[in-house]
Each structure stands twice: as C-alpha cells, then as structure tokens.
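upload-v5.csv (CSV, N, CA and C atoms)
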```csv
chain,number,residue,atom,x,y,z
A,1,MET,N,0.8,-1.2,0.0
A,1,MET,CA,0.0,0.0,0.0
A,1,MET,C,0.9,1.3,0.0
A,2,ASN,N,2.0,1.2,0.8
A,2,ASN,CA,2.8,2.4,0.8
A,2,ASN,C,3.5,2.7,-0.5
A,3,LYS,N,3.8,1.6,-1.3
A,3,LYS,CA,4.3,1.8,-2.6
A,3,LYS,C,3.4,2.6,-3.6
A,4,VAL,N,2.1,2.3,-3.5
A,4,VAL,CA,1.1,2.9,-4.3
A,4,VAL,C,0.9,4.4,-3.9
A,5,ILE,N,0.9,4.7,-2.6
A,5,ILE,CA,0.8,6.1,-2.2
A,5,ILE,C,2.1,6.9,-2.6
A,6,PHE,N,3.2,6.3,-2.4
A,6,PHE,CA,4.5,6.9,-2.8
A,6,PHE,C,4.5,7.2,-4.3
A,7,ALA,N,4.1,6.2,-5.1
A,7,ALA,CA,4.1,6.3,-6.6
A,7,ALA,C,3.2,7.4,-7.0
A,8,SER,N,2.0,7.5,-6.4
A,8,SER,CA,1.0,8.6,-6.7
A,8,SER,C,1.6,10.0,-6.3
A,9,PHE,N,2.3,10.1,-5.2
A,9,PHE,CA,3.0,11.3,-4.8
A,9,PHE,C,4.1,11.7,-5.8
A,10,ALA,N,4.9,10.7,-6.2
A,10,ALA,CA,6.0,11.0,-7.2
A,10,ALA,C,5.4,11.5,-8.5
A,11,VAL,N,4.3,10.9,-9.0
A,11,VAL,CA,3.7,11.3,-10.3
A,11,VAL,C,3.1,12.7,-10.1
A,12,ALA,N,2.5,13.0,-9.0
A,12,ALA,CA,1.9,14.3,-8.8
A,12,ALA,C,3.0,15.4,-8.7
A,13,LEU,N,4.1,15.0,-8.1
A,13,LEU,CA,5.3,16.0,-8.0
A,13,LEU,C,5.8,16.3,-9.4
A,14,CYS,N,5.9,15.3,-10.3
A,14,CYS,CA,6.4,15.6,-11.6
A,14,CYS,C,5.5,16.5,-12.4
A,15,PHE,N,4.2,16.4,-12.2
A,15,PHE,CA,3.2,17.3,-12.9
A,15,PHE,C,3.3,18.7,-12.3
A,16,ALA,N,3.5,18.8,-11.0
A,16,ALA,CA,3.5,20.1,-10.3
A,16,ALA,C,4.7,20.9,-10.7
A,17,VAL,N,5.9,20.2,-10.9
A,17,VAL,CA,7.1,20.9,-11.4
A,17,VAL,C,6.9,21.4,-12.8
A,18,GLY,N,6.1,20.7,-13.6
A,18,GLY,CA,5.9,21.2,-15.0
A,18,GLY,C,5.0,22.3,-15.2
A,19,GLN,N,4.3,22.8,-14.1
A,19,GLN,CA,3.4,23.9,-14.2
A,19,GLN,C,4.0,25.2,-14.3
A,20,ALA,N,5.2,25.5,-13.7
A,20,ALA,CA,5.8,26.8,-13.7
A,20,ALA,C,6.6,27.0,-15.0
A,21,LEU,N,6.1,27.9,-15.8
A,21,LEU,CA,6.8,28.2,-17.1
A,21,LEU,C,8.0,29.0,-16.9
A,22,GLN,N,9.1,28.6,-17.5
A,22,GLN,CA,10.4,29.4,-17.4
A,22,GLN,C,10.6,30.1,-18.7
A,23,CYS,N,11.0,31.4,-18.7
A,23,CYS,CA,11.2,32.1,-19.9
A,23,CYS,C,12.5,32.9,-19.7
A,24,TYR,N,13.0,33.3,-20.9
A,24,TYR,CA,14.1,34.3,-20.9
A,24,TYR,C,13.5,35.7,-20.7
A,25,GLU,N,14.2,36.5,-20.0
A,25,GLU,CA,13.8,37.9,-19.8
A,25,GLU,C,14.9,38.9,-20.2
A,26,CYS,N,14.5,39.9,-20.9
A,26,CYS,CA,15.4,41.0,-21.3
A,26,CYS,C,14.5,42.2,-21.4
A,27,LYS,N,14.8,43.1,-20.5
A,27,LYS,CA,14.0,44.3,-20.4
A,27,LYS,C,14.0,45.2,-21.6
A,28,LEU,N,15.2,45.4,-22.2
A,28,LEU,CA,15.3,46.2,-23.4
A,28,LEU,C,16.7,45.9,-24.0
A,29,GLY,N,16.7,45.5,-25.3
A,29,GLY,CA,17.9,45.2,-26.0
A,29,GLY,C,17.9,46.0,-27.3
A,30,PHE,N,19.1,46.2,-27.9
A,30,PHE,CA,19.2,46.9,-29.1
A,30,PHE,C,19.9,46.0,-30.2
A,31,TRP,N,19.4,46.1,-31.4
A,31,TRP,CA,19.8,45.3,-32.5
A,31,TRP,C,19.7,43.8,-32.0
A,32,ASP,N,20.8,43.0,-32.1
A,32,ASP,CA,20.7,41.6,-31.7
A,32,ASP,C,21.3,41.4,-30.3
A,33,PHE,N,21.6,42.5,-29.6
A,33,PHE,CA,22.2,42.4,-28.2
A,33,PHE,C,21.1,42.6,-27.2
A,34,CYS,N,20.9,41.5,-26.4
A,34,CYS,CA,19.9,41.5,-25.4
A,34,CYS,C,20.4,40.6,-24.2
A,35,ILE,N,20.7,41.2,-23.1
A,35,ILE,CA,21.2,40.5,-21.9
A,35,ILE,C,20.0,39.8,-21.3
A,36,THR,N,20.0,38.5,-21.2
A,36,THR,CA,18.8,37.7,-20.7
A,36,THR,C,19.1,37.1,-19.3
A,37,THR,N,18.1,36.9,-18.6
A,37,THR,CA,18.1,36.1,-17.4
A,37,THR,C,16.9,35.2,-17.5
A,38,LYS,N,16.8,34.2,-16.6
A,38,LYS,CA,15.7,33.3,-16.6
A,38,LYS,C,14.7,33.8,-15.6
A,39,LYS,N,13.4,33.6,-15.9
A,39,LYS,CA,12.3,34.1,-15.1
A,39,LYS,C,11.2,33.1,-15.1
A,40,THR,N,10.5,32.9,-13.9
A,40,THR,CA,9.4,32.0,-13.8
A,40,THR,C,8.1,32.8,-14.0
A,41,CYS,N,7.3,32.5,-14.9
A,41,CYS,CA,6.1,33.3,-15.2
A,41,CYS,C,5.0,33.0,-14.1
A,42,ASP,N,4.1,33.9,-14.0
A,42,ASP,CA,2.9,33.8,-13.1
A,42,ASP,C,1.9,33.0,-13.9
A,43,ALA,N,0.8,32.5,-13.2
A,43,ALA,CA,-0.3,31.8,-13.8
A,43,ALA,C,-0.9,32.8,-14.8
A,44,GLY,N,-1.3,32.3,-15.9
A,44,GLY,CA,-2.0,33.1,-17.0
A,44,GLY,C,-1.0,33.8,-17.9
A,45,GLN,N,0.3,33.5,-17.8
A,45,GLN,CA,1.3,34.2,-18.6
A,45,GLN,C,2.0,33.1,-19.5
A,46,GLN,N,2.5,33.7,-20.6
A,46,GLN,CA,3.3,32.9,-21.5
A,46,GLN,C,4.6,33.6,-21.8
A,47,CYS,N,5.6,32.9,-22.4
A,47,CYS,CA,6.9,33.6,-22.8
A,47,CYS,C,6.6,34.4,-24.0
A,48,PHE,N,7.3,35.5,-24.2
A,48,PHE,CA,7.2,36.3,-25.4
A,48,PHE,C,8.5,36.9,-25.8
A,49,SER,N,8.6,37.1,-27.1
A,49,SER,CA,9.7,37.9,-27.7
A,49,SER,C,9.1,39.1,-28.4
A,50,GLY,N,9.7,40.2,-28.2
A,50,GLY,CA,9.2,41.4,-28.8
A,50,GLY,C,10.3,42.1,-29.7
A,51,SER,N,9.9,42.6,-30.8
A,51,SER,CA,10.8,43.3,-31.7
A,51,SER,C,10.1,44.5,-32.3
A,52,GLY,N,10.9,45.6,-32.5
A,52,GLY,CA,10.4,46.8,-33.1
A,52,GLY,C,11.5,47.7,-33.5
A,53,VAL,N,11.1,48.8,-34.1
A,53,VAL,CA,12.1,49.8,-34.5
A,53,VAL,C,11.7,51.2,-34.0
A,54,ALA,N,12.7,52.0,-33.8
A,54,ALA,CA,12.5,53.4,-33.4
A,54,ALA,C,13.6,54.3,-34.1
A,55,VAL,N,13.5,55.6,-33.8
A,55,VAL,CA,14.4,56.6,-34.3
A,55,VAL,C,14.5,56.5,-35.9
A,56,GLY,N,13.3,56.6,-36.5
A,56,GLY,CA,13.3,56.5,-38.0
A,56,GLY,C,13.8,55.2,-38.5
A,57,SER,N,13.4,54.2,-37.9
A,57,SER,CA,13.8,52.8,-38.3
A,57,SER,C,15.3,52.5,-38.2
A,58,LEU,N,16.1,53.3,-37.5
A,58,LEU,CA,17.5,53.1,-37.4
A,58,LEU,C,17.8,52.2,-36.2
A,59,LEU,N,17.0,52.3,-35.1
A,59,LEU,CA,17.3,51.6,-33.9
A,59,LEU,C,16.3,50.4,-33.8
A,60,LYS,N,16.9,49.1,-33.8
A,60,LYS,CA,16.1,47.9,-33.6
A,60,LYS,C,16.0,47.6,-32.2
A,61,LEU,N,14.8,47.4,-31.7
A,61,LEU,CA,14.6,47.1,-30.2
A,61,LEU,C,14.1,45.7,-30.1
A,62,LYS,N,14.6,45.1,-29.0
A,62,LYS,CA,14.2,43.7,-28.6
A,62,LYS,C,13.8,43.7,-27.1
A,63,THR,N,12.9,42.8,-26.8
A,63,THR,CA,12.5,42.6,-25.4
A,63,THR,C,12.0,41.2,-25.3
A,64,LYS,N,12.1,40.6,-24.1
A,64,LYS,CA,11.7,39.2,-23.8
A,64,LYS,C,11.2,39.1,-22.4
A,65,GLY,N,10.4,38.1,-22.1
A,65,GLY,CA,9.9,37.9,-20.8
A,65,GLY,C,8.6,37.2,-20.7
A,66,CYS,N,7.8,37.4,-19.7
A,66,CYS,CA,6.5,36.8,-19.5
A,66,CYS,C,5.5,37.9,-19.8
A,67,LEU,N,4.4,37.4,-20.3
A,67,LEU,CA,3.3,38.3,-20.8
A,67,LEU,C,1.9,37.7,-20.5
A,68,ASP,N,1.0,38.5,-20.1
A,68,ASP,CA,-0.4,37.9,-19.9
A,68,ASP,C,-0.9,37.4,-21.3
A,69,VAL,N,-1.6,36.3,-21.2
A,69,VAL,CA,-2.0,35.6,-22.5
A,69,VAL,C,-2.9,36.5,-23.3
A,70,ASN,N,-3.7,37.4,-22.7
A,70,ASN,CA,-4.6,38.3,-23.5
A,70,ASN,C,-3.8,39.4,-24.2
A,71,LYS,N,-2.5,39.6,-23.9
A,71,LYS,CA,-1.7,40.6,-24.6
A,71,LYS,C,-0.8,39.9,-25.7
A,72,CYS,N,-0.9,38.6,-25.8
A,72,CYS,CA,0.0,37.9,-26.7
A,72,CYS,C,-0.3,38.1,-28.2
A,73,ASN,N,0.7,38.0,-29.0
A,73,ASN,CA,0.6,38.1,-30.5
A,73,ASN,C,-0.1,39.3,-30.9
A,74,LYS,N,0.3,40.5,-30.4
A,74,LYS,CA,-0.3,41.7,-30.7
A,74,LYS,C,0.8,42.8,-31.0
A,75,THR,N,0.5,43.8,-31.6
A,75,THR,CA,1.4,44.9,-31.8
A,75,THR,C,1.0,46.0,-30.9
A,76,GLU,N,2.0,46.5,-30.2
A,76,GLU,CA,1.8,47.6,-29.2
A,76,GLU,C,2.5,48.8,-29.5
A,77,GLN,N,1.9,50.0,-29.5
A,77,GLN,CA,2.6,51.2,-29.7
A,77,GLN,C,3.1,51.8,-28.4
A,78,THR,N,4.3,52.2,-28.4
A,78,THR,CA,4.9,52.7,-27.2
A,78,THR,C,5.7,54.0,-27.4
A,79,ASN,N,5.9,54.8,-26.4
A,79,ASN,CA,6.7,56.0,-26.6
A,79,ASN,C,8.1,55.7,-26.1
A,80,PHE,N,9.1,56.0,-27.0
A,80,PHE,CA,10.5,55.9,-26.7
A,80,PHE,C,11.1,57.3,-26.5
A,81,THR,N,11.5,57.6,-25.3
A,81,THR,CA,11.9,58.9,-24.9
A,81,THR,C,13.4,59.0,-25.0
A,82,SER,N,13.9,59.9,-25.8
A,82,SER,CA,15.4,60.2,-25.8
A,82,SER,C,15.6,61.6,-25.3
A,83,SER,N,16.8,62.0,-25.2
A,83,SER,CA,17.1,63.3,-24.6
A,83,SER,C,16.5,64.5,-25.4
A,84,SER,N,16.3,64.3,-26.7
A,84,SER,CA,15.9,65.4,-27.6
A,84,SER,C,14.4,65.4,-27.9
A,85,SER,N,13.8,64.2,-27.9
A,85,SER,CA,12.4,64.1,-28.3
A,85,SER,C,11.7,62.8,-27.8
A,86,THR,N,10.5,62.7,-28.1
A,86,THR,CA,9.7,61.5,-27.8
A,86,THR,C,9.2,60.9,-29.1
A,87,GLU,N,9.5,59.7,-29.4
A,87,GLU,CA,9.1,59.1,-30.6
A,87,GLU,C,8.3,57.8,-30.4
A,88,LEU,N,7.3,57.6,-31.2
A,88,LEU,CA,6.4,56.5,-31.1
A,88,LEU,C,7.0,55.3,-31.8
A,89,TYR,N,7.0,54.1,-31.3
A,89,TYR,CA,7.5,53.0,-32.0
A,89,TYR,C,6.5,51.8,-31.7
A,90,GLN,N,6.5,50.9,-32.6
A,90,GLN,CA,5.6,49.7,-32.5
A,90,GLN,C,6.5,48.5,-32.1
A,91,LEU,N,6.0,47.7,-31.2
A,91,LEU,CA,6.6,46.5,-30.8
A,91,LEU,C,5.7,45.3,-31.0
A,92,ASN,N,6.2,44.4,-31.8
A,92,ASN,CA,5.4,43.2,-32.1
A,92,ASN,C,5.8,42.1,-31.1
A,93,LYS,N,4.8,41.6,-30.4
A,93,LYS,CA,5.0,40.6,-29.3
A,93,LYS,C,4.5,39.3,-29.7
A,94,THR,N,5.4,38.3,-29.8
A,94,THR,CA,5.0,36.9,-30.2
A,94,THR,C,5.2,36.0,-29.0
A,95,CYS,N,4.2,35.2,-28.7
A,95,CYS,CA,4.2,34.4,-27.5
A,95,CYS,C,4.4,32.9,-27.9
A,96,CYS,N,4.9,32.1,-26.8
A,96,CYS,CA,5.0,30.7,-26.9
A,96,CYS,C,4.8,30.1,-25.5
A,97,ALA,N,4.5,28.8,-25.4
A,97,ALA,CA,4.1,28.3,-24.2
A,97,ALA,C,4.9,27.1,-23.7
A,98,THR,N,6.2,27.0,-24.0
A,98,THR,CA,7.0,25.9,-23.5
A,98,THR,C,8.3,26.6,-22.8
A,99,ASP,N,8.9,25.8,-21.9
A,99,ASP,CA,10.0,26.4,-21.2
A,99,ASP,C,11.1,26.9,-22.1
A,100,LEU,N,11.5,28.2,-21.8
A,100,LEU,CA,12.6,28.8,-22.5
A,100,LEU,C,12.4,28.9,-24.1
A,101,CYS,N,11.2,28.9,-24.5
A,101,CYS,CA,10.9,28.9,-25.9
A,101,CYS,C,11.2,30.3,-26.6
A,102,ASN,N,11.4,31.4,-25.8
A,102,ASN,CA,11.6,32.7,-26.4
A,102,ASN,C,13.1,33.0,-26.5
A,103,SER,N,13.9,32.0,-26.8
A,103,SER,CA,15.3,32.2,-27.0
A,103,SER,C,15.5,32.7,-28.4
A,104,ALA,N,16.6,33.3,-28.7
A,104,ALA,CA,16.9,33.9,-30.0
A,104,ALA,C,17.4,32.7,-30.9
A,105,LEU,N,17.8,31.6,-30.4
A,105,LEU,CA,18.3,30.5,-31.2
A,105,LEU,C,17.2,29.7,-31.9
A,106,GLY,N,16.0,29.7,-31.3
A,106,GLY,CA,15.0,28.9,-31.9
A,106,GLY,C,15.0,27.4,-31.7
A,107,HIS,N,15.9,27.0,-30.8
A,107,HIS,CA,16.0,25.6,-30.5
A,107,HIS,C,15.0,25.2,-29.4
A,108,ILE,N,14.7,23.9,-29.3
A,108,ILE,CA,13.9,23.5,-28.2
A,108,ILE,C,14.7,23.3,-27.0
A,109,HIS,N,14.2,23.9,-25.9
A,109,HIS,CA,14.9,23.9,-24.6
A,109,HIS,C,14.1,23.1,-23.6
A,110,VAL,N,14.8,22.3,-22.8
A,110,VAL,CA,14.1,21.6,-21.7
A,110,VAL,C,14.6,22.1,-20.4
A,111,SER,N,13.8,22.3,-19.5
A,111,SER,CA,14.2,22.8,-18.2
A,111,SER,C,15.0,21.7,-17.5
A,112,VAL,N,16.3,22.1,-17.1
A,112,VAL,CA,17.2,21.1,-16.6
A,112,VAL,C,16.7,20.7,-15.2
A,113,GLY,N,16.1,21.5,-14.4
A,113,GLY,CA,15.6,21.2,-13.1
A,113,GLY,C,14.5,20.1,-13.2
A,114,SER,N,13.6,20.4,-14.1
A,114,SER,CA,12.4,19.4,-14.3
A,114,SER,C,12.9,18.1,-14.8
A,115,MET,N,13.9,18.1,-15.7
A,115,MET,CA,14.4,16.9,-16.3
A,115,MET,C,15.1,16.1,-15.2
A,116,ALA,N,15.9,16.8,-14.4
A,116,ALA,CA,16.7,16.1,-13.3
A,116,ALA,C,15.8,15.5,-12.3
A,117,LEU,N,14.8,16.2,-11.9
A,117,LEU,CA,13.8,15.7,-10.9
A,117,LEU,C,13.1,14.5,-11.4
A,118,SER,N,12.6,14.6,-12.7
A,118,SER,CA,11.9,13.5,-13.3
A,118,SER,C,12.8,12.2,-13.4
A,119,THR,N,14.1,12.4,-13.7
A,119,THR,CA,15.0,11.3,-13.8
A,119,THR,C,15.3,10.6,-12.5
A,120,ILE,N,15.5,11.5,-11.5
A,120,ILE,CA,15.8,11.0,-10.1
A,120,ILE,C,14.5,10.2,-9.6
A,121,THR,N,13.4,10.8,-9.8
A,121,THR,CA,12.1,10.1,-9.3
A,121,THR,C,11.9,8.8,-10.0
A,122,THR,N,12.2,8.7,-11.3
A,122,THR,CA,12.0,7.5,-12.1
A,122,THR,C,13.0,6.4,-11.6
A,123,ILE,N,14.2,6.8,-11.3
A,123,ILE,CA,15.2,5.8,-10.8
A,123,ILE,C,14.8,5.3,-9.4
A,124,PHE,N,14.4,6.3,-8.6
A,124,PHE,CA,14.0,5.9,-7.2
A,124,PHE,C,12.8,5.0,-7.2
A,125,MET,N,11.8,5.3,-8.1
A,125,MET,CA,10.6,4.4,-8.2
A,125,MET,C,11.0,3.0,-8.7
A,126,ALA,N,11.9,3.0,-9.7
A,126,ALA,CA,12.3,1.7,-10.2
A,126,ALA,C,13.0,0.8,-9.1
A,127,LYS,N,13.8,1.5,-8.3
A,127,LYS,CA,14.5,0.7,-7.2
A,127,LYS,C,13.4,0.3,-6.2
A,128,LEU,N,12.5,1.1,-5.9
A,128,LEU,CA,11.5,0.8,-4.9
A,128,LEU,C,10.5,-0.3,-5.3
A,129,LEU,N,10.2,-0.3,-6.6
A,129,LEU,CA,9.2,-1.3,-7.1
A,129,LEU,C,9.8,-2.6,-7.4
A,130,ILE,N,11.1,-2.7,-7.6
A,130,ILE,CA,11.8,-3.9,-7.9
A,130,ILE,C,12.2,-4.7,-6.7
```

Please lay out the structure from this file as structure tokens.
Amino acid sequence: MNKVIFASFAVALCFAVGQALQCYECKLGFWDFCITTKKTCDAGQQCFSGSGVAVGSLLKLKTKGCLDVNKCNKTEQTNFTSSSSTELYQLNKTCCATDLCNSALGHIHVSVGSMALSTITTIFMAKLLI
C-alpha cells in the first residue's frame, strides 16, 4: 500500500514541477544584443519575444519575458523617450508556451531542473518497485 501512495505522490510531483513556465527575460535590447536572465512566469502568462524599430527605423529594439495571455501576439505602440524628443514605436510581441521557448536561437529547450527531478524520481521508483 505504501508503494502505491508513494508512486502517486511522485507522479503528482512531476506534474507540479511542470506547471511553472520558465522564460528568458530581457527588459530592453538593441539590435541583436539583449542580456537575458531566466524568469518563472505567473499563472496566466506565456513567454514572449518582442521586436520593433525606433528613431526613424534606425534603432532595432528587442525585449523578452513573461506576458499575460490576452496581450500575446499583438502589436503595441509605445513612446520611446530620448534626450531630444519622444518618438512612437511599434513593438510586435509573439508568444509561446514551453520552457525557454523565447530564445533567440529557436532551439527546443528543456528545463534542466524538471528533467533532473523526473530522472531521479524514475530511478528511485524503479528501485522501490523492484
């Protein structure tokens, strides 16, 4: 009986770990330069990558992070303030819903923490059930 309860707990733990979406975050980048960190999104959010232009199409802007689902895949007009003037620019925001999917590389990423926990749980369960 204890093995069944423990197995149920281990399976539930694997699903719980998979619920927190990890995304790359970059507040504001220029051209292809964007310093990123990893961020865990809140409920109702997805990863996004945003790109736009300002200063007469000379300055390419990039941004990444978590975004509310109702704001996904839309174009947003924003004021970009410089020392001499304020210019309006448009930022296209594209969303995705898997861990670290908003990377610039376009590769499929797997959360290392989730994969490690799943592997350890599987090995432990196999030892327990055998």

What does the distance between atom CA of A:Thr78 and atom CA of A:Leu91 come to in Å, to one decimal place?
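Distance between the two atoms: 7.4 Å.
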
Point-to-point distance in Å for atom CA of A:Ala20 and atom N of A:Asn70:
16.8 Å

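Counting from atom C of A:Asp42, the distance to atom N of A:Thr121 is 25.3 Å.
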
In terms of the shortest atom-to-atom distance over all atoms listed in the file, which of A:Gln22, A:Ser57, A:Asn102, A:Thr122 is closest to A:Cys41?
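Counting all atoms listed in the file, the residue closest to A:Cys41 is A:Gln22.
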
Could you give me, as an NGL selection string, the residues within 8 Å of A:Cys34, counting all atoms listed in the file and dropping anything in the same chain fewer than 6 positions from it?
:A and (25-28 or 62-64)

Give me the residues within 10 Å of A:Tyr24 as a list in words, counting only C-alpha atoms and dropping any in the same chain fewer than 4 places off.
Ile35, Thr36, Thr37, Lys38, Lys39, Thr40, Cys41, Cys47, Phe48, Ser49, Thr63, Lys64, Gly65, Cys66, Asp99, Leu100, Cys101, Asn102, Ser103 and Ala104 of chain A

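With only N, CA and C atoms as the atoms that count, the residue of A:Asn73, A:Ser51, A:Gln45, A:Thr119 with the shortest distance to A:Cys95 is A:Asn73.
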
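If you measure from each of A:Leu128, A:Val53, A:Phe30, A:Val69 to A:Asn92 using all atoms listed in the file, the closest one turns out to be A:Val53.
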
Between A:Cys23, A:Tyr89, A:Leu61, A:Thr94, single out the one closest to A:Lys74, counting only N, CA and C atoms.
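Going through A:Cys23, A:Tyr89, A:Leu61, A:Thr94 one by one, the smallest distance to A:Lys74 is for A:Thr94.
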